[in-house]
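Beneath this line is the structure, given in structure tokens, with notes to follow.
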Amino acid sequence: GGVKWEDSAVVRAVRHGRVLVVDEADKAPLEVVCVLKALAEDAHMHLADGRHIVPPSYVEPEATEDDCFNSSPECIRMHPQFRMVVLANPPGFPFQGNDFFRECGDVFSCHVISNPDEASELALLRAYGPDVPQATLLHLVRMFHELREMVDVGALTYPYSTRELVKIVKHLQAFPEDSLGAACGNVFAFDDPDPHVRERLLQVLKRHGVVTLATESQPGALGSDLGPQERSNVPPPVANGGPTHGKEDDKQHVGGNQYAGGTGGSGTAGLGGGPGPPP
């Protein structure tokens with residue numbers, strides 16, 4: 001075998017005039033953001049192997065003995081058709097990334113991409129869930145539209161996006177025997193412990209037929225209607241007084257509540273503390 005040096009996607013795009021797509025740029029460290037800004041604004045980048053990315057109009061000076069720049073292995077001239085498409089989330093909760101617009105907004109043509117309209121979102125969901133009833137898809141789209149309006153007016157803080165909507169539809173497509181409440185529980189159960197958020201979400205979910213009157217008053221209602229897929233992973237209850245030491249048989253155990261020193265058990269003192277994999 002051997003080690004072969006290959007240019008990164010950035011260098012290949014610069015050299016051949018391709019479109020470089022940078023996703024989740026707000027998660028990049030500040031030093032990486034500065035490098036991207038220099039590449040976009042000045043068309044310059046110093047590579048780790050000593051090479052340099054230079055602008056298309058760069059004219060290489062005459063080489064001299066003291067010219068360190070010309071002693072580098074190669075100057076990579078940026079192709080005139082090279083372009084960058086940079087995607088970033090808004091700053092702050094819940095993404096908690098850097099403020100990419102503040103750092104680099106002056107060197108890019110910036111566009112705010114909102115959620116798709118109802119017809120476009122329906123078409124997208126139909127592609128992910130061709131067997132999910134059209135009426136169910138329409139209910140979900142309108143429910144999420146109402147949730148987003150609540151975020152705009154400050155009633156909710158988490159901006160529920162098409163990503164969560166697609167997760168629900170993919171669940172319904174894969175497990176058609178599960179109820180709509182079971183599929184939605186995977187998305188909304190995280191907000192159940194907050195009583196104020198829970199009450200607002202329950203009102204919206206009830207209006208769209210996801211949560212019924214029989215379950216809305218119970219703790220955990222946002223994820224209470226668990227289908228068979230989720231129910232198999234619910235950990236057994238912990239005995240009063242906390243975890244016990246458990247039995248000893250000098251064997252390795254994953255999950256369960258009977259033996260000591262295992263992993264994943266919720267009722268015995270071992271590593272983990274959540275349920276192990278289903279049998």
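Residues in the structure tokens are named by chain (A, B, ... in the order shown) and by number from 1 within that chain; ligands are numbered from 1 in the order shown.
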Worksheet entry | Residue contacts of Ile53 (chain A) (10 Å, only C-alpha atoms) excluding same-chain residues fewer than 5 positions away, as a list in words | Val11, Val14, Arg15, Leu39, Ala43, His44, Met45, His46, Leu47, Tyr58, Glu74, Cys75, Ile76, Arg77 and Met78 of chain A
Name the residues in contact with Val86 (chain A) at a cut-off of 7 Å, using only C-alpha atoms, excluding same-chain residues fewer than 5 positions from it; report them as a tab-separated table (two decimals) with C-alpha atoms, in the first residue's frame.
```tsv
chain	number	residue	atom	x	y	z
A	21	VAL	CA	-21.37	24.07	-1.70
A	22	VAL	CA	-20.56	24.64	1.98
A	23	ASP	CA	-23.33	23.39	4.26
A	25	ALA	CA	-21.24	27.06	7.73
```
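Counting only C-alpha atoms, the residue from A:Gly17, A:Pro133, A:Pro159, A:Trp5 that sits nearest to Asp49 (chain A) is A:Trp5.
One finds CA of Ala127 (chain A) at 15.2 Å from CA of Glu164 (chain A).
Between CA of Asp152 (chain A) and CA of Pro116 (chain A) there is a distance of 15.5 Å.
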Which residues of region 157-221 of chain A come within 7 Å of region 140-151 of chain A, and for each one, what is the closest pair of atoms and their distance in Å to one decimal, counting only C-alpha atoms, sorted by chain and residue number, as JSON lines?
```
{"residue": "A:Thr157", "atom": "CA", "partner": "A:Val151", "partner_atom": "CA", "distance": 5.7}
{"residue": "A:Tyr158", "atom": "CA", "partner": "A:Val151", "partner_atom": "CA", "distance": 6.9}
{"residue": "A:Pro159", "atom": "CA", "partner": "A:Val151", "partner_atom": "CA", "distance": 6.1}
{"residue": "A:Tyr160", "atom": "CA", "partner": "A:Arg148", "partner_atom": "CA", "distance": 6.4}
{"residue": "A:Val204", "atom": "CA", "partner": "A:Met143", "partner_atom": "CA", "distance": 7.0}
{"residue": "A:His208", "atom": "CA", "partner": "A:Met143", "partner_atom": "CA", "distance": 6.4}
```
For the residues selected in the previous step, produce a file with N, CA, C and O atoms as a PDB file, in the first residue's frame.
```pdb
ATOM      1  N   THR A 157     -40.512  28.915  20.718  1.00  0.00           N
ATOM      2  CA  THR A 157     -39.132  29.307  20.415  1.00  0.00           C
ATOM      3  C   THR A 157     -38.480  28.408  19.378  1.00  0.00           C
ATOM      4  O   THR A 157     -37.594  28.854  18.656  1.00  0.00           O
ATOM      5  N   TYR A 158     -38.893  27.136  19.321  1.00  0.00           N
ATOM      6  CA  TYR A 158     -38.249  26.226  18.368  1.00  0.00           C
ATOM      7  C   TYR A 158     -38.906  26.345  17.005  1.00  0.00           C
ATOM      8  O   TYR A 158     -40.113  26.137  16.870  1.00  0.00           O
ATOM      9  N   PRO A 159     -38.152  26.665  15.959  1.00  0.00           N
ATOM     10  CA  PRO A 159     -38.735  26.830  14.612  1.00  0.00           C
ATOM     11  C   PRO A 159     -38.896  25.490  13.900  1.00  0.00           C
ATOM     12  O   PRO A 159     -38.010  25.034  13.174  1.00  0.00           O
ATOM     13  N   TYR A 160     -40.014  24.848  14.108  1.00  0.00           N
ATOM     14  CA  TYR A 160     -40.260  23.551  13.468  1.00  0.00           C
ATOM     15  C   TYR A 160     -40.184  23.701  11.954  1.00  0.00           C
ATOM     16  O   TYR A 160     -40.893  24.502  11.355  1.00  0.00           O
ATOM     17  N   VAL A 204     -52.547  23.046  19.546  1.00  0.00           N
ATOM     18  CA  VAL A 204     -52.399  22.939  18.093  1.00  0.00           C
ATOM     19  C   VAL A 204     -52.599  21.504  17.627  1.00  0.00           C
ATOM     20  O   VAL A 204     -53.317  21.244  16.657  1.00  0.00           O
ATOM     21  N   HIS A 208     -55.696  19.710  15.142  1.00  0.00           N
ATOM     22  CA  HIS A 208     -55.432  18.973  13.902  1.00  0.00           C
ATOM     23  C   HIS A 208     -55.582  17.466  14.079  1.00  0.00           C
ATOM     24  O   HIS A 208     -55.152  16.698  13.221  1.00  0.00           O
TER      25      HIS A 208
END
```
Worksheet item: Which residue out of A:Arg83, A:Asp191, A:Glu121, A:His196 has the minimum interatomic distance to Thr162 (chain A) when only C-alpha atoms are used?
Response: A:Glu121
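For the atom pair formed by CA of Leu30 (chain A) and CA of Ser57 (chain A), the distance is 28.5 Å, given to one decimal.
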